[in-house]
>>> print(open('structure_13.cif').read())   # mmCIF, C-alpha atoms
data_upload
loop_
_atom_site.group_PDB
_atom_site.id
_atom_site.type_symbol
_atom_site.label_atom_id
_atom_site.label_comp_id
_atom_site.auth_asym_id
_atom_site.auth_seq_id
_atom_site.Cartn_x
_atom_site.Cartn_y
_atom_site.Cartn_z
ATOM 1 C CA MET A 1 99.099 93.584 -12.742
ATOM 2 C CA THR A 2 97.619 91.270 -15.313
ATOM 3 C CA GLY A 3 100.617 90.501 -17.498
ATOM 4 C CA ARG A 4 101.356 87.254 -19.259
ATOM 5 C CA ALA A 5 104.480 85.108 -19.000
ATOM 6 C CA LEU A 6 105.896 82.448 -21.284
ATOM 7 C CA VAL A 7 106.807 79.185 -19.544
ATOM 8 C CA LEU A 8 109.763 77.308 -21.024
ATOM 9 C CA ASN A 9 110.769 73.724 -20.377
ATOM 10 C CA ALA A 10 114.189 72.984 -18.869
ATOM 11 C CA THR A 11 115.429 72.597 -22.465
ATOM 12 C CA TYR A 12 114.069 76.054 -23.442
ATOM 13 C CA GLU A 13 111.102 74.643 -25.383
ATOM 14 C CA ALA A 14 107.960 76.769 -25.116
ATOM 15 C CA LEU A 15 105.259 75.055 -23.055
ATOM 16 C CA CYS A 16 102.473 77.545 -22.399
ATOM 17 C CA VAL A 17 101.549 81.081 -21.455
ATOM 18 C CA VAL A 18 100.400 81.780 -17.899
ATOM 19 C CA SER A 19 99.621 84.889 -15.890
ATOM 20 C CA SER A 20 102.645 86.750 -14.594
ATOM 21 C CA ARG A 21 101.374 86.153 -11.060
ATOM 22 C CA ARG A 22 101.409 82.358 -11.609
ATOM 23 C CA ALA A 23 104.910 82.640 -13.097
ATOM 24 C CA LEU A 24 106.066 84.553 -10.023
ATOM 25 C CA VAL A 25 104.659 81.815 -7.766
ATOM 26 C CA LEU A 26 106.649 79.230 -9.759
ATOM 27 C CA VAL A 27 109.816 81.295 -9.286
ATOM 28 C CA LEU A 28 109.222 81.797 -5.554
ATOM 29 C CA ASP A 29 108.580 78.052 -5.068
ATOM 30 C CA ASP A 30 111.924 77.307 -6.811
ATOM 31 C CA LYS A 31 110.113 75.411 -9.548
ATOM 32 C CA ALA A 32 111.272 77.887 -12.188
ATOM 33 C CA GLU A 33 113.902 80.533 -12.729
ATOM 34 C CA LEU A 34 113.392 84.006 -14.096
ATOM 35 C CA VAL A 35 114.777 84.371 -17.619
ATOM 36 C CA HIS A 36 113.419 87.804 -18.503
ATOM 37 C CA GLY A 37 111.380 90.384 -16.644
ATOM 38 C CA THR A 38 109.099 93.175 -17.806
ATOM 39 C CA GLY A 39 110.757 95.888 -15.760
ATOM 40 C CA ARG A 40 107.756 96.235 -13.441
ATOM 41 C CA GLU A 41 107.655 94.869 -9.908
ATOM 42 C CA TYR A 42 105.357 93.117 -7.491
ATOM 43 C CA ARG A 43 105.787 94.706 -4.074
ATOM 44 C CA SER A 44 104.956 93.469 -0.620
ATOM 45 C CA GLU A 45 105.534 95.058 2.748
ATOM 46 C CA ARG A 46 109.075 93.717 2.991
ATOM 47 C CA ALA A 47 110.139 92.675 -0.503
ATOM 48 C CA ARG A 48 110.075 93.518 -4.180
ATOM 49 C CA PHE A 49 109.870 90.933 -6.926
ATOM 50 C CA PRO A 50 110.347 91.564 -10.649
ATOM 51 C CA GLU A 51 107.321 90.781 -12.823
ATOM 52 C CA PRO A 52 108.356 87.843 -15.028
ATOM 53 C CA SER A 53 107.706 87.712 -18.758
ATOM 54 C CA VAL A 54 109.703 84.512 -19.417
ATOM 55 C CA VAL A 55 110.436 81.729 -16.910
ATOM 56 C CA ARG A 56 112.228 78.403 -17.333
ATOM 57 C CA LEU A 57 111.176 75.344 -15.353
ATOM 58 C CA SER A 58 113.870 73.747 -13.188
ATOM 59 C CA GLN A 59 112.941 70.189 -14.122
ATOM 60 C CA TYR A 60 112.125 68.770 -17.532
ATOM 61 C CA VAL A 61 108.415 68.152 -18.166
ATOM 62 C CA ARG A 62 107.696 65.381 -20.651
ATOM 63 C CA ILE A 63 104.871 66.246 -23.014
ATOM 64 C CA PRO A 64 103.066 63.320 -24.630
ATOM 65 C CA ARG A 65 103.188 63.618 -28.395
ATOM 66 C CA GLN A 66 100.167 63.102 -30.598
ATOM 67 C CA THR A 67 100.007 59.684 -32.166
ATOM 68 C CA LYS A 68 99.469 59.526 -35.886
ATOM 69 C CA VAL A 69 95.970 58.637 -36.991
ATOM 70 C CA ALA A 70 95.750 55.695 -39.332
ATOM 71 C CA ILE A 71 94.523 56.649 -42.785
ATOM 72 C CA SER A 72 91.321 54.926 -43.797
ATOM 73 C CA ARG A 73 88.503 55.584 -46.237
ATOM 74 C CA ARG A 74 86.338 56.924 -43.433
ATOM 75 C CA SER A 75 89.006 59.342 -42.189
ATOM 76 C CA VAL A 76 89.708 60.599 -45.736
ATOM 77 C CA PHE A 77 85.999 61.311 -46.254
ATOM 78 C CA ALA A 78 85.781 63.051 -42.872
ATOM 79 C CA ARG A 79 88.894 65.121 -43.593
ATOM 80 C CA ASP A 80 87.608 66.255 -47.006
ATOM 81 C CA GLY A 81 84.016 66.862 -45.911
ATOM 82 C CA HIS A 82 82.668 64.197 -48.293
ATOM 83 C CA ARG A 83 83.734 66.311 -51.289
ATOM 84 C CA CYS A 84 85.952 65.531 -54.240
ATOM 85 C CA GLN A 85 89.297 67.301 -53.855
ATOM 86 C CA TYR A 86 89.620 67.539 -57.635
ATOM 87 C CA CYS A 87 86.292 69.080 -58.699
ATOM 88 C CA GLY A 88 84.668 70.039 -55.362
ATOM 89 C CA SER A 89 81.408 68.190 -55.956
ATOM 90 C CA PRO A 90 79.938 65.742 -53.431
ATOM 91 C CA ALA A 91 81.681 62.385 -53.644
ATOM 92 C CA GLU A 92 80.043 59.081 -52.809
ATOM 93 C CA ASN A 93 83.197 57.004 -53.089
ATOM 94 C CA ILE A 94 86.917 57.513 -52.854
ATOM 95 C CA ASP A 95 87.416 56.846 -56.587
ATOM 96 C CA HIS A 96 85.188 59.743 -57.680
ATOM 97 C CA VAL A 97 87.565 60.972 -60.423
ATOM 98 C CA VAL A 98 88.241 58.343 -63.059
ATOM 99 C CA PRO A 99 91.313 59.190 -65.192
#
>>> encode(input="structure_13.cif", output="structure tokens")
Amino acid sequence: MTGRALVLNATYEALCVVSSRRALVLVLDDKAELVHGTGREYRSERARFPEPSVVRLSQYVRIPRQTKVAISRRSVFARDGHRCQYCGSPAENIDHVVP
């Protein structure tokens, strides 16, 4: 089976999407708990395991947040592609439009 499973943090925040096989390994290692299954099963010689579609991690995983980029003339030009946002023509300086 090649299904996908959503991995949630301990606080039910979405983290990523992994293969259902990887999600099952997390559940079997007691690193995650099954929240919702697909209704299908993985079967071995002695056991049956539900195929997970949503799992929640047992411990909280801290995700580093993006730091804000300082605004500068160079970053404004790079963001706008060296074009005037008012008229769309190439701009050589930030004060292209004079009111």
>>> closest_residue(input="structure_13.cif", among="A:His36, A:Arg56, A:Arg65, A:Arg79", to="Ala10 of chain A", atoms="only C-alpha atoms")
A:Arg56
>>> atom_distance(input="structure_13.cif", atom1="atom CA of Tyr42 of chain A", atom2="atom CA of Leu15 of chain A")
23.8 Å
>>> atom_distance(input="structure_13.cif", atom1="atom CA of Asp80 of chain A", atom2="atom CA of Thr67 of chain A")
20.4 Å
>>> closest_residue(input="structure_13.cif", among="A:Ala78, A:Pro64, A:Ile94, A:Ser58", to="Leu26 of chain A", atoms="all atoms listed in the file")
A:Ser58
>>> atom_distance(input="structure_13.cif", atom1="atom CA of Arg4 of chain A", atom2="atom CA of Ala32 of chain A")
15.4 Å
>>> closest_residue(input="structure_13.cif", among="A:Thr11, A:Gln85, A:Thr38, A:Asn93", to="Val54 of chain A", atoms="all atoms listed in the file")
A:Thr38
>>> resolve_selection(input="structure_13.cif", expression="the PyMOL selection byres ((chain A and resi 18) around 10)", output="list of chain:residue names")
A:Gly3, A:Arg4, A:Ala5, A:Leu6, A:Val7, A:Leu15, A:Cys16, A:Val17, A:Ser19, A:Ser20, A:Arg21, A:Arg22, A:Ala23, A:Ser53, A:Val54
>>> resolve_selection(input="structure_13.cif", expression="the PyMOL selection byres ((chain A and resi 61) around 8)", output="PyMOL selection string")
chain A and resi 9-10+59-60+62-63
>>> write_last_selection(input="structure_13.cif", atoms="C-alpha atoms", output="PDB file, keeping the file's coordinate frame")
ATOM      1  CA  ASN A   9     110.769  73.724 -20.377  1.00  0.00           C
ATOM      2  CA  ALA A  10     114.189  72.984 -18.869  1.00  0.00           C
ATOM      3  CA  GLN A  59     112.941  70.189 -14.122  1.00  0.00           C
ATOM      4  CA  TYR A  60     112.125  68.770 -17.532  1.00  0.00           C
ATOM      5  CA  ARG A  62     107.696  65.381 -20.651  1.00  0.00           C
ATOM      6  CA  ILE A  63     104.871  66.246 -23.014  1.00  0.00           C
TER       7      ILE A  63
END
>>> resolve_selection(input="structure_13.cif", expression="the PyMOL selection byres ((chain A and resi 49) around 10)", output="JSON, numbers by chain")
{"A": [24, 27, 28, 37, 40, 41, 42, 43, 44, 47, 48, 50, 51, 52]}
>>> residues_around(input="structure_13.cif", residues="Val55 of chain A", least_positions_apart="6", cutoff="6 Å", atoms="all atoms listed in the file", output="NGL selection string")
:A and (7 or 33-35)
>>> build_atoms(input="structure_13.cif", residues="segment 47-60 of chain A", atoms="N, CA and C atoms", output="PDB file, in the coordinates of the input")
ATOM      1  N   ALA A  47     109.326  93.130   0.630  1.00  0.00           N
ATOM      2  CA  ALA A  47     110.139  92.675  -0.503  1.00  0.00           C
ATOM      3  C   ALA A  47     109.588  93.201  -1.821  1.00  0.00           C
ATOM      4  N   ARG A  48     110.452  93.171  -2.814  1.00  0.00           N
ATOM      5  CA  ARG A  48     110.075  93.518  -4.180  1.00  0.00           C
ATOM      6  C   ARG A  48     110.486  92.367  -5.085  1.00  0.00           C
ATOM      7  N   PHE A  49     109.602  92.026  -6.001  1.00  0.00           N
ATOM      8  CA  PHE A  49     109.870  90.933  -6.926  1.00  0.00           C
ATOM      9  C   PHE A  49     109.636  91.424  -8.347  1.00  0.00           C
ATOM     10  N   PRO A  50     110.553  91.142  -9.264  1.00  0.00           N
ATOM     11  CA  PRO A  50     110.347  91.564 -10.649  1.00  0.00           C
ATOM     12  C   PRO A  50     109.213  90.774 -11.299  1.00  0.00           C
ATOM     13  N   GLU A  51     108.405  91.461 -12.110  1.00  0.00           N
ATOM     14  CA  GLU A  51     107.321  90.781 -12.823  1.00  0.00           C
ATOM     15  C   GLU A  51     107.934  89.979 -13.970  1.00  0.00           C
ATOM     16  N   PRO A  52     107.738  88.659 -13.980  1.00  0.00           N
ATOM     17  CA  PRO A  52     108.356  87.843 -15.028  1.00  0.00           C
ATOM     18  C   PRO A  52     107.587  87.908 -16.347  1.00  0.00           C
ATOM     19  N   SER A  53     108.338  87.861 -17.447  1.00  0.00           N
ATOM     20  CA  SER A  53     107.706  87.712 -18.758  1.00  0.00           C
ATOM     21  C   SER A  53     108.108  86.389 -19.390  1.00  0.00           C
ATOM     22  N   VAL A  54     109.264  85.832 -18.965  1.00  0.00           N
ATOM     23  CA  VAL A  54     109.703  84.512 -19.417  1.00  0.00           C
ATOM     24  C   VAL A  54     110.320  83.791 -18.230  1.00  0.00           C
ATOM     25  N   VAL A  55     109.848  82.563 -17.962  1.00  0.00           N
ATOM     26  CA  VAL A  55     110.436  81.729 -16.910  1.00  0.00           C
ATOM     27  C   VAL A  55     110.772  80.360 -17.491  1.00  0.00           C
ATOM     28  N   ARG A  56     111.811  79.738 -16.902  1.00  0.00           N
ATOM     29  CA  ARG A  56     112.228  78.403 -17.333  1.00  0.00           C
ATOM     30  C   ARG A  56     112.068  77.449 -16.169  1.00  0.00           C
ATOM     31  N   LEU A  57     111.383  76.332 -16.411  1.00  0.00           N
ATOM     32  CA  LEU A  57     111.176  75.344 -15.353  1.00  0.00           C
ATOM     33  C   LEU A  57     112.498  74.706 -14.958  1.00  0.00           C
ATOM     34  N   SER A  58     112.637  74.353 -13.690  1.00  0.00           N
ATOM     35  CA  SER A  58     113.870  73.747 -13.188  1.00  0.00           C
ATOM     36  C   SER A  58     114.013  72.303 -13.626  1.00  0.00           C
ATOM     37  N   GLN A  59     112.900  71.590 -13.715  1.00  0.00           N
ATOM     38  CA  GLN A  59     112.941  70.189 -14.122  1.00  0.00           C
ATOM     39  C   GLN A  59     112.235  70.016 -15.451  1.00  0.00           C
ATOM     40  N   TYR A  60     112.701  69.047 -16.219  1.00  0.00           N
ATOM     41  CA  TYR A  60     112.125  68.770 -17.532  1.00  0.00           C
ATOM     42  C   TYR A  60     110.725  68.181 -17.372  1.00  0.00           C
TER      43      TYR A  60
END
